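*Asks:* The structure under discussion is supplied below as structure tokens; questions concerning it will follow.
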Amino acid sequence: SALVETADEGTEDFDSDSAVLPLLGEFRKPPLDHPSKSLLPPSRPSSRAQTSTRWDHLVLYVVATMLVLWGTANRVLFKKVTDSMGNYPWFAGETIVFGVVPVFAVASWFSLRFGDDATRTATLAFPRHKFAVMGILDSIANLLSVFGGDHTPGPLQTLLSQGVIPLTMVTAIIFLRTRYNSKHFWGAGIILIGIVVSLIPDLVEPKQPVGVVNYGAAVVAWATIFFCGNIPIALSTTYKEVALKRHQSLD
């Protein structure tokens, strides 16, 4: 009986897992939750999903191409309007505003009429005073662009418009605490250098028309007014980022 009790005690003290696990070491792996699913190859997207993805990419390319074409046409037509209505900048500015309102009114009606409930609710609940701030900033930018665009050459207008990039970076750093790396600053610096270099010929050797005095200085002054139109645009862009950030479902 003593031998049996000793054998029983030895059996109770012996842990089979603790004795076997060190021997197995890294060769023991946890069991699979679903062996049958884990051994199967990954499933491929359906043909319908692939067709939808291709369609989305095609729409993106078409919209991006239209954006470039319309942006180019807008810049050319803007210069033609300011040249032909140079003596009526107020009327030109108001005409541009009244031309924009119906287009966005139709787009807003379409969104409210055919959009989902979340988008409709978010649009109607959005504070109206924030739209007023955006509109005031955009109107100031439009006013400066119309006044300065009459006496600013078209190619120079295109270059000056790129000045909104470094100005937006400045406003984002101040108000959004955005951080940029050295490549971003180098790119913004190249834009500013290009603007300054493009203005040097008008100061050094201006192509002065007959009967016009200080034409080069006048071009620089009007170009400066046109460039200042980028400041409210940068402020408006930053303000939109702050105002719309909490309203992701807003259309």
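Ordering of the structure tokens sets the chain letters (A, B, ...); residue numbers start at 1 within each chain; ligands are numbered from 1 in the order shown.
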Taking the chain letters and numbering used in this document, name the residues of segment 40-194 of chain A that DSSP puts in alpha helix (DSSP H), as an MDAnalysis selection string.

*Replies:* chainID A and resid 47:84 89:114 117:125 128:149 154:161 164:175 182:194

*Asks:* Kindly give the distance, in Å, that separates atom CA of Leu112 of chain A and atom CA of Lys245 of chain A, rounded to a single decimal.

*Replies:*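 Spanning atom CA of Leu112 of chain A to atom CA of Lys245 of chain A is a straight-line distance of 20.2 Å.
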
*Asks:* With a distance cut-off of 9 Å and only C-alpha atoms, select the neighbouring residues of segment 223-235 of chain A, excluding the residue or stretch itself and same-chain residues fewer than 2 positions from it, and output the selection as JSON, numbers by chain.

*Replies:* {"A": [134, 136, 137, 138, 139, 140, 141, 142, 143, 144, 145, 146, 147, 148, 149, 151, 152, 153, 156, 157, 160, 161, 162, 163, 164, 165, 166, 167, 168, 169, 170, 171, 172, 199, 218, 219, 220, 221, 237, 238, 239, 240]}

*Asks:* Contacts of Thr72 of chain A at 12 Å or less, counting only C-alpha atoms, minus same-chain residues fewer than 6 places along, as a list in words?

*Replies:* Thr65, Met66, Phe78, Lys79, Gly154, Pro155, Gln157 and Thr158 of chain A

*Asks:* If you measure from atom CA of Thr95 of chain A to atom CA of Leu159 of chain A, what distance in Å do you get, rounded to one decimal?

*Replies:*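 So the answer is 24.5 Å.
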